[in-house]
$ cat coords-v1.cif   # mmCIF, C-alpha atoms and all ligand atoms
data_data
#
loop_
_atom_site.label_atom_id
_atom_site.label_comp_id
_atom_site.auth_asym_id
_atom_site.auth_seq_id
_atom_site.Cartn_x
_atom_site.Cartn_y
_atom_site.Cartn_z
CA MET A 1 0.00 0.00 0.00
CA ARG A 2 0.97 3.65 -0.30
CA ALA A 3 1.84 5.32 2.98
CA ILE A 4 3.65 8.30 4.39
CA GLN A 5 6.56 6.97 6.41
CA GLN A 6 9.29 8.67 8.37
CA ASP A 7 12.67 6.96 8.69
CA ARG A 8 14.00 9.40 11.30
CA TYR A 9 12.77 12.14 13.61
CA GLY A 10 12.98 15.62 12.18
CA GLY A 11 11.23 18.42 10.33
CA PRO A 12 8.32 17.95 7.92
CA GLU A 13 10.79 16.85 5.21
CA VAL A 14 11.14 13.43 6.92
CA LEU A 15 7.57 12.58 5.80
CA ARG A 16 8.00 10.62 2.54
CA LEU A 17 5.49 8.79 0.38
CA THR A 18 6.49 5.15 0.03
CA GLU A 19 5.19 1.60 -0.51
CA VAL A 20 4.89 -0.73 2.48
CA PRO A 21 3.21 -4.15 2.96
CA ASP A 22 -0.54 -4.14 3.63
CA PRO A 23 -1.45 -4.77 7.29
CA GLU A 24 -3.41 -7.90 8.17
CA PRO A 25 -6.11 -7.99 10.84
CA ILE A 26 -5.48 -10.25 13.83
CA PRO A 27 -8.48 -11.59 15.79
CA THR A 28 -10.53 -8.61 17.22
CA GLU A 29 -9.23 -6.25 14.52
CA VAL A 30 -10.81 -4.63 11.48
CA LEU A 31 -8.90 -3.85 8.30
CA VAL A 32 -9.99 -0.38 7.18
CA ARG A 33 -9.44 1.07 3.72
CA ILE A 34 -8.72 4.65 4.70
CA VAL A 35 -10.48 7.39 2.74
CA ALA A 36 -9.25 10.37 4.77
CA ALA A 37 -6.87 10.97 7.69
CA GLY A 38 -7.06 13.91 10.10
CA VAL A 39 -3.92 15.86 10.99
CA ASN A 40 -3.35 17.04 14.56
CA PRO A 41 -0.67 19.11 16.35
CA ILE A 42 0.47 15.95 18.21
CA ASP A 43 1.39 14.36 14.84
CA GLY A 44 4.00 17.07 14.29
CA LYS A 45 5.33 16.98 17.85
CA THR A 46 5.74 13.19 17.63
CA ARG A 47 7.29 13.39 14.14
CA SER A 48 10.04 15.62 15.50
CA GLY A 49 10.84 13.34 18.46
CA GLY A 50 8.66 15.07 21.07
CA GLY A 51 4.99 14.43 21.86
CA PHE A 52 4.38 10.69 22.12
CA ALA A 53 7.61 9.67 20.32
CA PRO A 54 8.79 7.74 23.42
CA VAL A 55 5.57 5.71 23.30
CA VAL A 56 5.49 5.29 19.51
CA GLY A 57 9.09 4.04 19.52
CA PRO A 58 11.91 4.67 17.07
CA PRO A 59 11.35 5.24 13.31
CA PRO A 60 10.55 3.97 10.78
CA PHE A 61 6.85 4.50 11.39
CA ILE A 62 3.75 5.80 9.65
CA PRO A 63 2.31 8.85 11.46
CA GLY A 64 -1.30 9.66 12.25
CA TRP A 65 -4.10 8.49 14.54
CA ASP A 66 -7.33 9.84 12.96
CA LEU A 67 -9.11 7.98 10.20
CA SER A 68 -12.35 7.62 8.31
CA GLY A 69 -12.82 4.83 5.82
CA VAL A 70 -14.52 1.63 4.77
CA VAL A 71 -14.20 -1.83 6.37
CA ALA A 72 -12.25 -4.07 3.95
CA GLU A 73 -12.04 -7.19 6.12
CA THR A 74 -12.83 -8.27 9.67
CA GLY A 75 -10.55 -10.41 11.80
CA TYR A 76 -11.74 -13.56 13.55
CA GLY A 77 -14.29 -12.90 16.27
CA VAL A 78 -15.32 -9.38 15.25
CA THR A 79 -19.09 -8.96 15.61
CA ARG A 80 -19.63 -5.23 15.22
CA PHE A 81 -18.77 -4.62 11.55
CA ARG A 82 -18.90 -6.14 8.08
CA PRO A 83 -16.97 -5.36 4.91
CA GLY A 84 -18.38 -2.22 3.33
CA ASP A 85 -19.36 -0.50 6.60
CA GLU A 86 -18.27 3.12 6.85
CA VAL A 87 -16.31 3.68 10.06
CA TYR A 88 -14.22 6.32 11.75
CA GLY A 89 -11.93 6.31 14.73
CA LEU A 90 -8.90 7.20 16.79
CA ALA A 91 -6.53 4.25 16.38
CA PHE A 92 -4.25 2.96 19.16
CA PHE A 93 -3.64 6.45 20.63
CA PRO A 94 -1.06 7.24 22.02
CA ARG A 95 0.72 4.11 20.71
CA ARG A 96 2.00 3.70 17.15
CA ALA A 97 -0.88 3.61 14.67
CA GLY A 98 -0.27 4.89 11.12
CA THR A 99 -3.33 6.44 9.49
CA TYR A 100 -1.37 8.37 6.83
CA ALA A 101 -1.78 5.25 4.69
CA GLU A 102 -4.20 3.36 2.46
CA TYR A 103 -4.96 0.69 5.07
CA ILE A 104 -4.76 0.16 8.82
CA SER A 105 -5.85 -2.72 11.03
CA VAL A 106 -7.56 -1.44 14.19
CA PRO A 107 -9.22 -3.08 17.24
CA SER A 108 -12.92 -3.11 16.41
CA ARG A 109 -13.89 -1.32 19.61
CA GLN A 110 -11.74 1.66 18.69
CA LEU A 111 -14.06 2.26 15.71
CA ALA A 112 -17.64 3.48 15.36
CA ARG A 113 -19.99 4.06 12.46
CA LYS A 114 -19.09 7.23 10.63
CA PRO A 115 -21.68 10.02 11.07
CA ALA A 116 -24.16 9.33 8.27
CA THR A 117 -24.81 12.97 7.36
CA VAL A 118 -21.22 13.99 6.59
CA GLY A 119 -18.53 12.67 4.28
CA HIS A 120 -15.26 10.98 5.16
CA VAL A 121 -13.35 14.28 5.26
CA PRO A 122 -15.21 15.88 8.20
CA ALA A 123 -15.43 12.45 9.85
CA ALA A 124 -11.64 12.07 9.67
CA ALA A 125 -11.18 15.45 11.33
CA LEU A 126 -13.33 14.49 14.29
CA PRO A 127 -11.94 11.54 16.34
CA LEU A 128 -8.94 12.94 18.23
CA VAL A 129 -10.25 16.46 18.79
CA GLY A 130 -13.85 15.34 19.25
CA LEU A 131 -13.01 12.64 21.78
CA THR A 132 -10.76 15.06 23.65
CA ALA A 133 -13.64 17.55 23.88
CA TRP A 134 -16.13 14.81 24.77
CA GLN A 135 -13.95 13.25 27.43
CA LEU A 136 -12.96 16.51 29.07
CA VAL A 137 -16.56 17.72 29.31
CA GLU A 138 -17.46 14.31 30.78
CA ALA A 139 -14.49 14.38 33.23
CA ALA A 140 -15.44 17.90 34.35
CA ASP A 141 -19.05 16.78 34.77
CA VAL A 142 -20.17 20.08 33.25
CA ARG A 143 -23.65 20.99 34.52
CA PRO A 144 -26.34 23.44 33.40
CA GLY A 145 -25.53 27.05 34.30
CA GLN A 146 -21.86 26.43 35.05
CA ARG A 147 -19.44 29.00 33.72
CA VAL A 148 -16.87 27.33 31.49
CA LEU A 149 -13.88 29.21 30.06
CA ILE A 150 -12.27 27.56 27.03
CA HIS A 151 -8.85 28.83 25.91
CA ALA A 152 -8.17 28.46 22.15
CA ALA A 153 -11.91 28.00 21.70
CA ALA A 154 -11.79 28.33 17.90
CA GLY A 155 -9.10 25.63 17.48
CA GLY A 156 -9.60 21.96 16.70
CA VAL A 157 -10.49 20.79 20.22
CA GLY A 158 -11.88 24.15 21.32
CA HIS A 159 -14.62 24.57 18.72
CA LEU A 160 -16.00 21.12 19.60
CA ALA A 161 -15.66 21.66 23.36
CA VAL A 162 -17.69 24.88 23.00
CA GLN A 163 -20.55 22.98 21.35
CA ILE A 164 -20.47 19.99 23.72
CA ALA A 165 -20.34 22.19 26.84
CA LYS A 166 -23.25 24.27 25.44
CA ALA A 167 -25.22 21.09 24.78
CA ARG A 168 -24.86 20.33 28.51
CA GLY A 169 -26.29 23.74 29.38
CA ALA A 170 -23.11 25.57 30.35
CA TYR A 171 -22.45 29.28 29.95
CA VAL A 172 -19.43 29.21 27.64
CA ILE A 173 -16.72 31.86 27.38
CA GLY A 174 -14.10 31.36 24.66
CA THR A 175 -10.76 32.99 23.99
CA ALA A 176 -9.70 33.49 20.37
CA ARG A 177 -8.52 36.31 18.15
CA THR A 178 -11.30 38.72 17.11
CA GLU A 179 -11.52 37.41 13.52
CA ARG A 180 -12.82 34.16 14.94
CA HIS A 181 -15.43 35.53 17.34
CA ALA A 182 -18.31 35.37 14.83
CA PHE A 183 -17.51 31.66 14.30
CA LEU A 184 -17.59 31.07 18.06
CA ARG A 185 -20.93 32.87 18.41
CA GLU A 186 -22.38 30.69 15.64
CA LEU A 187 -21.27 27.65 17.63
CA GLY A 188 -23.09 28.96 20.68
CA ALA A 189 -20.40 30.71 22.74
CA ASP A 190 -21.99 33.21 25.15
CA GLU A 191 -18.92 35.45 25.49
CA THR A 192 -15.71 35.85 23.53
CA VAL A 193 -12.40 37.35 24.61
CA ASP A 194 -9.56 38.36 22.27
CA TYR A 195 -6.49 37.03 24.05
CA THR A 196 -4.24 39.15 21.81
CA THR A 197 -5.61 42.49 23.05
CA ILE A 198 -7.03 41.78 26.53
CA ARG A 199 -5.73 39.90 29.55
CA PHE A 200 -8.51 37.35 29.94
CA GLU A 201 -8.29 37.55 33.74
CA ASP A 202 -9.31 41.24 33.49
CA ALA A 203 -12.42 40.34 31.46
CA VAL A 204 -13.65 37.13 33.07
CA ASP A 205 -14.26 35.93 36.63
CA GLN A 206 -16.29 33.49 38.72
CA VAL A 207 -15.54 30.58 36.40
CA ASP A 208 -16.33 27.01 37.45
CA VAL A 209 -14.23 25.16 34.84
CA VAL A 210 -11.25 26.31 32.76
CA VAL A 211 -10.29 24.20 29.75
CA ASP A 212 -6.70 25.15 28.98
CA LEU A 213 -5.77 24.24 25.40
CA VAL A 214 -2.80 26.61 25.36
CA GLY A 215 -0.48 25.86 28.29
CA GLY A 216 2.40 28.07 29.46
CA ASP A 217 1.47 31.13 31.48
CA THR A 218 -2.19 30.86 30.34
CA ARG A 219 -2.36 27.82 32.62
CA LEU A 220 -1.16 29.62 35.76
CA ARG A 221 -3.06 32.84 35.02
CA SER A 222 -6.24 30.77 34.71
CA LEU A 223 -6.12 30.15 38.46
CA ASP A 224 -7.09 33.84 38.91
CA VAL A 225 -10.52 33.36 37.31
CA LEU A 226 -11.43 30.21 39.25
CA GLY A 227 -12.99 30.29 42.68
CA ARG A 228 -12.44 27.80 45.51
CA GLY A 229 -13.78 24.42 44.34
CA GLY A 230 -13.15 25.36 40.69
CA LEU A 231 -11.58 22.99 38.19
CA LEU A 232 -8.66 23.49 35.79
CA ILE A 233 -8.24 21.00 32.95
CA PRO A 234 -4.78 21.26 31.39
CA VAL A 235 -4.88 19.66 27.95
CA PRO A 236 -1.42 20.07 26.33
CA ARG A 237 1.10 18.17 28.45
CA GLY A 238 4.13 19.83 29.99
CA GLU A 239 5.27 22.63 32.23
CA PRO A 240 4.20 24.56 34.19
CA ASP A 241 2.61 22.20 36.68
CA PRO A 242 -0.29 24.13 38.24
CA THR A 243 -0.99 21.54 40.96
CA GLY A 244 0.84 23.24 43.88
CA PRO A 245 -0.49 26.80 43.37
CA ALA A 246 -3.97 25.42 42.60
CA ALA A 247 -4.09 23.34 45.78
CA LYS A 248 -3.26 26.43 47.89
CA ARG A 249 -6.39 28.10 46.46
CA GLY A 250 -8.67 25.08 46.74
CA ILE A 251 -8.75 24.56 42.96
CA ARG A 252 -8.77 21.06 41.48
CA VAL A 253 -6.54 20.14 38.53
CA LEU A 254 -7.46 17.31 36.20
CA PRO A 255 -4.97 16.72 33.35
CA ILE A 256 -6.43 14.71 30.49
CA ILE A 257 -5.08 12.57 27.67
CA VAL A 258 -7.60 11.48 25.06
CA GLU A 259 -8.30 7.75 24.76
CA PRO A 260 -9.79 5.68 21.93
CA ASP A 261 -13.45 5.02 22.78
CA HIS A 262 -16.20 3.79 20.49
CA VAL A 263 -18.92 4.97 22.90
CA GLY A 264 -17.67 8.55 22.70
CA LEU A 265 -17.35 8.27 18.91
CA ALA A 266 -20.95 7.06 18.67
CA GLY A 267 -22.04 9.98 20.87
CA LEU A 268 -20.20 12.45 18.66
CA ALA A 269 -21.68 10.89 15.51
CA ALA A 270 -25.18 11.11 16.99
CA MET A 271 -24.66 14.82 17.75
CA VAL A 272 -23.38 15.45 14.21
CA ASP A 273 -26.33 13.60 12.68
CA ALA A 274 -28.77 15.54 14.89
CA GLY A 275 -27.28 18.83 13.64
CA ALA A 276 -25.99 19.60 17.15
CA LEU A 277 -22.26 19.37 16.39
CA ARG A 278 -20.35 20.91 13.55
CA VAL A 279 -16.74 19.99 12.79
CA SER A 280 -14.83 22.66 10.92
CA VAL A 281 -12.37 21.56 8.21
CA THR A 282 -10.60 24.40 6.47
CA ALA A 283 -8.38 22.49 4.02
CA THR A 284 -7.94 19.14 2.35
CA ARG A 285 -4.72 17.96 0.73
CA PRO A 286 -3.66 14.73 -1.01
CA LEU A 287 -1.85 12.16 1.13
CA ALA A 288 1.38 12.80 -0.77
CA GLU A 289 1.42 16.39 0.55
CA ALA A 290 1.58 15.46 4.24
CA ALA A 291 4.93 17.24 4.65
CA ASP A 292 3.45 20.52 3.36
CA VAL A 293 0.50 20.16 5.72
CA HIS A 294 2.85 19.75 8.69
CA ARG A 295 4.89 22.74 7.48
CA ALA A 296 1.77 24.93 7.36
CA MET A 297 0.57 23.68 10.76
CA GLU A 298 3.90 24.49 12.37
CA ALA A 299 4.35 27.86 10.68
CA GLY A 300 1.38 29.02 12.81
CA GLY A 301 -1.38 31.33 11.72
CA ALA A 302 -3.15 28.57 9.78
CA VAL A 303 -6.83 28.55 10.67
CA GLY A 304 -8.67 25.31 11.38
CA LYS A 305 -8.07 21.68 10.63
CA THR A 306 -6.55 20.06 7.57
CA VAL A 307 -7.46 16.57 6.40
CA LEU A 308 -5.32 14.34 4.16
CA VAL A 309 -7.32 12.71 1.40
CA VAL A 310 -6.12 9.17 0.80
CA ASP A 311 -8.83 8.04 -1.65
CA PRO A 312 -10.20 11.03 -3.60
CA ALA A 313 -12.84 8.88 -5.37
CA GLN A 314 -14.53 8.11 -2.03
CA ALA A 315 -13.87 11.41 -0.24
CA GLY A 316 -16.79 13.24 -1.87
N1 LIG A 401 -4.09 15.91 26.07
C1 LIG A 401 -4.62 15.47 24.93
O1 LIG A 401 -5.06 14.32 24.81
C2 LIG A 401 -4.73 16.42 23.77
C3 LIG A 401 -5.69 16.18 22.78
C4 LIG A 401 -5.84 17.09 21.74
C5 LIG A 401 -5.00 18.22 21.68
N2 LIG A 401 -4.06 18.40 22.63
C6 LIG A 401 -3.19 19.60 22.59
O2 LIG A 401 -4.03 20.73 22.83
C7 LIG A 401 -3.55 21.84 22.08
C8 LIG A 401 -4.68 22.39 21.20
O3 LIG A 401 -4.98 21.42 20.20
P1 LIG A 401 -5.86 21.81 18.93
O4 LIG A 401 -5.91 20.62 18.04
O5 LIG A 401 -7.15 22.40 19.38
O6 LIG A 401 -4.94 22.95 18.26
P2 LIG A 401 -5.23 23.97 17.09
O7 LIG A 401 -6.40 23.54 16.27
O8 LIG A 401 -3.92 24.21 16.42
O9 LIG A 401 -5.70 25.30 17.82
C9 LIG A 401 -4.79 26.08 18.51
C10 LIG A 401 -5.35 27.52 18.61
O10 LIG A 401 -4.77 28.10 19.75
C11 LIG A 401 -5.09 29.48 19.69
N3 LIG A 401 -4.15 30.17 20.57
C12 LIG A 401 -2.81 30.29 20.45
N4 LIG A 401 -2.31 30.97 21.51
C13 LIG A 401 -3.37 31.25 22.33
C14 LIG A 401 -3.52 31.94 23.57
N5 LIG A 401 -2.44 32.45 24.20
N6 LIG A 401 -4.75 32.03 24.11
C15 LIG A 401 -5.83 31.51 23.49
N7 LIG A 401 -5.76 30.85 22.31
C16 LIG A 401 -4.53 30.74 21.74
C17 LIG A 401 -5.08 29.85 18.23
O11 LIG A 401 -6.40 30.37 18.03
P3 LIG A 401 -6.76 31.75 17.28
O12 LIG A 401 -6.75 31.43 15.81
O13 LIG A 401 -8.11 32.12 17.75
O14 LIG A 401 -5.71 32.75 17.64
C18 LIG A 401 -4.97 28.47 17.53
O15 LIG A 401 -5.82 28.38 16.43
C19 LIG A 401 -2.33 21.33 21.31
O16 LIG A 401 -1.18 21.64 22.08
C20 LIG A 401 -2.55 19.84 21.24
O17 LIG A 401 -1.36 19.11 21.05
C21 LIG A 401 -3.90 17.54 23.67
#
$ encode --input "coords-v1.cif" --output "structure tokens"
Amino acid sequence: MRAIQQDRYGGPEVLRLTEVPDPEPIPTEVLVRIVAAGVNPIDGKTRSGGGFAPVVGPPPFIPGWDLSGVVAETGYGVTRFRPGDEVYGLAFFPRRAGTYAEYISVPSRQLARKPATVGHVPAAALPLVGLTAWQLVEAADVRPGQRVLIHAAAGGVGHLAVQIAKARGAYVIGTARTERHAFLRELGADETVDYTTIRFEDAVDQVDVVVDLVGGDTRLRSLDVLGRGGLLIPVPRGEPDPTGPAAKRGIRVLPIIVEPDHVGLAGLAAMVDAGALRVSVTATRPLAEAADVHRAMEAGGAVGKTVLVVDPAQAG
């Protein structure tokens, strides 16, 4: 099969189109013919030797965790799918997966039926960011009327977290640059703050839950808007660790790493099909251009998610 493989850690130029043997499903697994693969910031971090590189293990490997495609074959004992079913999922995260390819074999319970009302491209953009948003809202136990502040609300995870928190009845405040405020309002955000012109802690207070999708000093400054009993959810891993200062103020900290989960995927698909969840894809590129997609993602300033199209005939 055709696949993007990297033979060493490094910049986007290490992503090369090549031919590798087709995977074969073991019992419990489903062989998926991939139509589209979502690209996420963690793909780039891992490519360069950071992110989950220690978990993925040394190159060569095929990057990528998000996929949407069609079941080609089911391994022994799989009951949930048949050849021809349209599925989507987050494969093996954070272990080595390889969705920048024509085929992947995935445990059946890491897949769910693709949302019926959208094509493979939006479906491929959804698993990692959608499950992150789903699982963090669930972990925070967001309740009606709670004030939820989401940093980087217009980004991949953020724009879905806004909609899922709203669906649970929260009052949602999102930070993003002004150009993206109309988008956030359309998604249901109640308040928007331009983090480039205003210190968010001067504009917002009395927050019950902060979803920090930025890290760095945003994480520590977020403690100023949370009251005693409030909750901070740090999403990107790494320093600074807010646990000590948070504990002194009676604030809980709940770091989260997204996990493959077919129940969450089915929940996301149901919301999409009910018209209650919109996933924003701003660009599609052919599989062979994965390096350029990583370059654009890392140059910054790119708006929204990009999806790699593996099978243009099926992508719609
Ligand atoms: N723990 C996990 O399992 C997990 C899962 C998913 C993602 N992540 C991590 O979470 C982070 C966000 O992921 P993503 O996919 O949503 O990224 P993304 O789509 O690239 O969105 C990032 C957005 O951050 C905004 N931003 C930058 N600096 C900001 C600041 N100081 N304050 C507020 N917003 C700021 C920018 O929005 P504007 O355009 O509005 O300026 C940018 O579009 C990444 O570091 C990713 O690796 C972790």
$ residues_near_ligand --input "coords-v1.cif" --ligand "ligand LIG 401 (chain A)" --cutoff "7 Å" --atoms "all atoms listed in the file" --output "number ranges by chain"
A: 40-42, 128-129, 132, 151-158, 175-177, 180, 195, 213-214, 218, 235-237, 256-258, 301, 303-305
$ atom_distance --input "coords-v1.cif" --atom1 "atom CA of A:Pro27" --atom2 "atom CA of A:Pro122"
29.3 Å
$ atom_distance --input "coords-v1.cif" --atom1 "atom CA of A:Leu287" --atom2 "atom CA of A:Thr99"
10.2 Å
$ closest_residue --input "coords-v1.cif" --among "A:Pro240, A:Leu231, A:Pro245, A:Met297" --to "A:Gly216" --atoms "all atoms listed in the file"
A:Pro240
$ atom_distance --input "coords-v1.cif" --atom1 "atom CA of A:Val225" --atom2 "atom CA of A:Lys248"
14.6 Å
$ residues_around --input "coords-v1.cif" --residues "A:Val253" --least-positions-apart "4" --cutoff "9 Å" --atoms "only C-alpha atoms" --output "list of chain:residue names"
A:Gly230, A:Leu231, A:Leu232, A:Ile233, A:Pro234, A:Pro242, A:Thr243, A:Ala246, A:Ala247
$ closest_residue --input "coords-v1.cif" --among "A:Ala165, A:Ile150, A:Ile34, A:Ala124" --to "A:Ala276" --atoms "all atoms listed in the file"
A:Ala165
$ closest_residue --input "coords-v1.cif" --among "A:Ala269, A:Gly11, A:Ala182, A:Gly57" --to "A:Ala299" --atoms "only C-alpha atoms"
A:Gly11
$ closest_residue --input "coords-v1.cif" --among "A:Lys45, A:Arg8, A:Arg109, A:Arg33" --to "A:Glu73" --atoms "only C-alpha atoms"
A:Arg33
$ residues_around --input "coords-v1.cif" --residues "A:Val307" --least-positions-apart "4" --cutoff "9 Å" --atoms "only C-alpha atoms" --output "ChimeraX atom specification"
/A:36-39,121-122,124-125,281-287,293
$ closest_residue --input "coords-v1.cif" --among "A:Ile62, A:Val209, A:Ala270, A:Ala116" --to "A:Thr18" --atoms "only C-alpha atoms"
A:Ile62
$ closest_residue --input "coords-v1.cif" --among "A:Asp217, A:Glu19, A:Glu86, A:Asp194" --to "A:Val71" --atoms "all atoms listed in the file"
A:Glu86
$ residues_around --input "coords-v1.cif" --residues "A:Met271" --least-positions-apart "6" --cutoff "10 Å" --atoms "all atoms listed in the file" --output "PyMOL selection string"
chain A and resi 115+163-164+167+265+277-278
$ residues_around --input "coords-v1.cif" --residues "A:Phe81" --least-positions-apart "5" --cutoff "12 Å" --atoms "all atoms listed in the file" --output "PyMOL selection string"
chain A and resi 28-32+70-76+86-88+106-114
$ residues_around --input "coords-v1.cif" --residues "A:Arg295" --least-positions-apart "4" --cutoff "9 Å" --atoms "only C-alpha atoms" --output "count of residues only"
8
$ axis_aligned_box --input "coords-v1.cif" --around "stretch 230-241 of chain A" --padding-each-side "5 Å" --output "lines of an AutoDock Vina configuration file"
center_x = -3.9
center_y = 21.8
center_z = 33.5
size_x = 28.4
size_y = 17.2
size_z = 24.4
$ residues_near_point --input "coords-v1.cif" --point "(9.8, 3.3, 8.3)" --cutoff "6 Å" --atoms "only C-alpha atoms" --output "ChimeraX atom specification"
/A:5-7,59-61
$ residues_near_point --input "coords-v1.cif" --point "(-14.2, 31.5, 42.4)" --cutoff "9 Å" --atoms "only C-alpha atoms" --output "list in words"
Asp205, Gln206, Val207, Asp208, Asp224, Val225, Leu226, Gly227, Arg228, Gly229, Gly230 and Ile251 of chain A
$ build_atoms --input "coords-v1.cif" --residues "stretch 69-87 of chain A" --atoms "N, CA, C and O atoms" --output "short mmCIF file (atom, residue, chain, number, x, y, z; two decimals), keeping the file's coordinate frame"
data_model
loop_
_atom_site.label_atom_id
_atom_site.label_comp_id
_atom_site.auth_asym_id
_atom_site.auth_seq_id
_atom_site.Cartn_x
_atom_site.Cartn_y
_atom_site.Cartn_z
N GLY A 69 -12.98 5.71 6.97
CA GLY A 69 -12.82 4.83 5.82
C GLY A 69 -13.89 3.75 5.77
O GLY A 69 -14.97 3.89 6.36
N VAL A 70 -13.56 2.70 5.05
CA VAL A 70 -14.52 1.63 4.77
C VAL A 70 -13.91 0.30 5.23
O VAL A 70 -12.72 0.03 4.96
N VAL A 71 -14.70 -0.52 5.90
CA VAL A 71 -14.20 -1.83 6.37
C VAL A 71 -13.91 -2.70 5.15
O VAL A 71 -14.77 -2.93 4.29
N ALA A 72 -12.65 -3.20 5.07
CA ALA A 72 -12.25 -4.07 3.95
C ALA A 72 -12.36 -5.53 4.36
O ALA A 72 -12.67 -6.40 3.54
N GLU A 73 -12.10 -5.81 5.65
CA GLU A 73 -12.04 -7.19 6.12
C GLU A 73 -12.16 -7.17 7.64
O GLU A 73 -11.70 -6.22 8.28
N THR A 74 -12.78 -8.20 8.20
CA THR A 74 -12.83 -8.27 9.67
C THR A 74 -12.04 -9.49 10.14
O THR A 74 -12.10 -10.56 9.53
N GLY A 75 -11.31 -9.31 11.23
CA GLY A 75 -10.55 -10.41 11.80
C GLY A 75 -11.48 -11.37 12.53
O GLY A 75 -12.66 -11.05 12.80
N TYR A 76 -10.95 -12.53 12.87
CA TYR A 76 -11.74 -13.56 13.55
C TYR A 76 -12.35 -13.00 14.83
O TYR A 76 -11.68 -12.34 15.62
N GLY A 77 -13.64 -13.25 15.01
CA GLY A 77 -14.29 -12.90 16.27
C GLY A 77 -14.91 -11.52 16.30
O GLY A 77 -15.55 -11.16 17.29
N VAL A 78 -14.74 -10.73 15.26
CA VAL A 78 -15.32 -9.38 15.25
C VAL A 78 -16.81 -9.47 14.92
O VAL A 78 -17.19 -10.10 13.93
N THR A 79 -17.63 -8.87 15.78
CA THR A 79 -19.09 -8.96 15.61
C THR A 79 -19.72 -7.63 15.20
O THR A 79 -20.88 -7.60 14.80
N ARG A 80 -19.00 -6.54 15.33
CA ARG A 80 -19.63 -5.23 15.22
C ARG A 80 -19.69 -4.67 13.80
O ARG A 80 -20.45 -3.76 13.54
N PHE A 81 -18.85 -5.20 12.90
CA PHE A 81 -18.77 -4.62 11.55
C PHE A 81 -18.69 -5.70 10.49
O PHE A 81 -18.29 -6.85 10.78
N ARG A 82 -19.04 -5.28 9.27
CA ARG A 82 -18.90 -6.14 8.08
C ARG A 82 -18.17 -5.36 7.00
O ARG A 82 -18.25 -4.12 6.99
N PRO A 83 -17.58 -6.07 6.04
CA PRO A 83 -16.97 -5.36 4.91
C PRO A 83 -17.98 -4.42 4.27
O PRO A 83 -19.16 -4.76 4.12
N GLY A 84 -17.51 -3.23 3.95
CA GLY A 84 -18.38 -2.22 3.33
C GLY A 84 -18.91 -1.19 4.31
O GLY A 84 -19.34 -0.11 3.90
N ASP A 85 -18.89 -1.48 5.61
CA ASP A 85 -19.36 -0.50 6.60
C ASP A 85 -18.44 0.73 6.61
O ASP A 85 -17.21 0.60 6.51
N GLU A 86 -19.06 1.89 6.75
CA GLU A 86 -18.27 3.12 6.85
C GLU A 86 -17.99 3.40 8.32
O GLU A 86 -18.93 3.48 9.13
N VAL A 87 -16.71 3.55 8.65
CA VAL A 87 -16.31 3.68 10.06
C VAL A 87 -15.36 4.86 10.21
O VAL A 87 -14.75 5.33 9.25
#
